[in-house]
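These notes concern the structure reproduced below.
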Amino acid sequence: MKLYELKIGQSGTITAVGGTGALRCRLLDMGLIPKTKVKLIKIAPMGDPIEIRLRGYELTIRKDDASEIEVEADE
């Protein structure tokens with residue numbers, strides 16, 4: 001599933017980071033790398049952007065960028 005498909009409060013593990021060029025490098029630089037645990041904290045009223053928690057900090061990213069990140073939801 002894609003990162004933005006998680007429900008509020010749901011956790012998952014990043015399995016793959018897509019995108020090309022500068023976008024992919026930017027996502028990786030922000031700590032969005034495979035095997036990283038993430039948790040969806042909140043979604044803006046209009047659905048974009050979303051806030052996630054990973055590696056001890058909160059990160060807000062656009063839904064389009066989150067669609068490049070594959071996650072496996074925790075049970």
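Every chain in the structure tokens takes a letter, A first, then B, and so on in the order presented; its residues are numbered from 1, and the ligands are numbered from 1 following the presented order.
Excluding stretch 1-4 of chain A itself and any same-chain residue fewer than 3 positions from it, the protein and nucleic acid residues within 6 Å of it, counting only C-alpha atoms, are Ala66, Ser67, Ile69, Glu70 and Val71 of chain A.
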Considering only C-alpha atoms, return as a PyMOL selection string whatever protein or nucleic-acid residues lie within 6 Å of A:Lys63, sequence-local ones (same chain, fewer than 2 positions apart) excluded.
chain A and resi 48-49+65-66
Atoms kept (C-alpha atoms) for selection, written as an mmCIF file, in the first residue's frame:
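Saved the output as selection-v2.cif:
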```cif
data_model
loop_
_atom_site.group_PDB
_atom_site.id
_atom_site.type_symbol
_atom_site.label_atom_id
_atom_site.label_comp_id
_atom_site.auth_asym_id
_atom_site.auth_seq_id
_atom_site.Cartn_x
_atom_site.Cartn_y
_atom_site.Cartn_z
ATOM 1 C CA ASP A 48 -3.145 17.242 1.647
ATOM 2 C CA PRO A 49 -0.519 17.359 3.238
ATOM 3 C CA ASP A 65 5.174 12.640 -2.596
ATOM 4 C CA ALA A 66 3.662 10.076 -0.201
#
```
Write down as a PyMOL selection string the residues belonging to chain A that are assigned strand (DSSP E or B) by DSSP computed on the backbone.
chain A and resi 2+11-17+37-43+50-54+57-61+69-73
For A:Glu68, list every protein, DNA or RNA residue within 12 Å, evaluated using only C-alpha atoms, and leave out those in the same chain fewer than 3 positions away; present the list as a list in words.
Met1, Lys2, Leu3, Tyr4, Glu5, Ile14, Thr15, Ala16, Val17, Gly18, Gly19, Thr20, Leu23, Arg24, Arg26, Leu27, Leu28, Leu32, Ile33, Ile61, Arg62, Lys63, Asp64, Asp65 and Val71 of chain A
Just the helix (DSSP H, G or I) stuff from chain A, please, per backbone DSSP, written as a list in words.
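DSSP-assigned helix (DSSP H, G or I) residues in chain A: Leu3, Tyr4, Glu5, Gly21, Ala22, Leu23, Arg24, Cys25, Arg26, Leu27, Leu28, Asp29, Lys63, Asp64, Asp65 and Ala66 of chain A.
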Quick one: write out the picked residues with N, CA and C atoms as a CSV table (one decimal), in the first residue's frame?
```csv
chain,number,residue,atom,x,y,z
A,3,LEU,N,2.0,5.1,1.3
A,3,LEU,CA,2.0,5.8,2.6
A,3,LEU,C,0.8,6.5,2.9
A,4,TYR,N,0.2,7.3,2.0
A,4,TYR,CA,-0.9,8.1,2.3
A,4,TYR,C,-2.2,7.2,2.5
A,5,GLU,N,-2.2,5.9,2.2
A,5,GLU,CA,-3.3,5.1,2.5
A,5,GLU,C,-3.4,4.6,3.9
A,21,GLY,N,15.2,11.0,-9.7
A,21,GLY,CA,16.0,12.1,-9.6
A,21,GLY,C,16.0,12.8,-8.3
A,22,ALA,N,15.7,14.2,-8.3
A,22,ALA,CA,15.8,15.0,-7.2
A,22,ALA,C,14.7,14.6,-6.1
A,23,LEU,N,13.5,14.2,-6.6
A,23,LEU,CA,12.5,13.8,-5.7
A,23,LEU,C,12.9,12.6,-4.8
A,24,ARG,N,13.4,11.6,-5.5
A,24,ARG,CA,13.8,10.4,-4.7
A,24,ARG,C,15.0,10.7,-3.7
A,25,CYS,N,15.9,11.5,-4.2
A,25,CYS,CA,17.0,11.9,-3.3
A,25,CYS,C,16.5,12.7,-2.1
A,26,ARG,N,15.5,13.6,-2.3
A,26,ARG,CA,14.9,14.4,-1.2
A,26,ARG,C,14.2,13.5,-0.2
A,27,LEU,N,13.5,12.5,-0.7
A,27,LEU,CA,12.7,11.6,0.2
A,27,LEU,C,13.7,10.8,1.0
A,28,LEU,N,14.8,10.3,0.4
A,28,LEU,CA,15.8,9.5,1.1
A,28,LEU,C,16.5,10.4,2.1
A,29,ASP,N,16.8,11.7,1.8
A,29,ASP,CA,17.5,12.6,2.7
A,29,ASP,C,16.6,12.9,3.9
A,63,LYS,N,0.7,14.7,-0.4
A,63,LYS,CA,0.2,13.4,-0.7
A,63,LYS,C,0.8,12.9,-2.0
A,64,ASP,N,1.1,13.7,-3.0
A,64,ASP,CA,1.8,13.3,-4.2
A,64,ASP,C,3.1,12.6,-3.9
A,65,ASP,N,3.9,13.2,-3.0
A,65,ASP,CA,5.2,12.6,-2.6
A,65,ASP,C,5.0,11.3,-1.8
A,66,ALA,N,4.0,11.3,-1.0
A,66,ALA,CA,3.7,10.1,-0.2
A,66,ALA,C,3.2,8.9,-1.1
```
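Coordinates place atom CA of A:Tyr57 at a distance of 19.4 Å from atom CA of A:Ala73.
When only C-alpha atoms are used to measure the gap to A:Asp74, the shortest distance among A:Ile8, A:Lys37, A:Met30, A:Thr60 belongs to A:Lys37.
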Measuring atom to atom with only C-alpha atoms, identify which of A:Leu59, A:Val38, A:Met46, A:Leu54 is nearest to A:Lys7.
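Of A:Leu59, A:Val38, A:Met46, A:Leu54, the one nearest A:Lys7, counting only C-alpha atoms, is A:Val38.
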Residue among A:Leu6, A:Ile41, A:Ser11, A:Arg53 lying closest to A:Glu75, counting only C-alpha atoms:
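Closest to A:Glu75, using only C-alpha atoms: A:Ser11.
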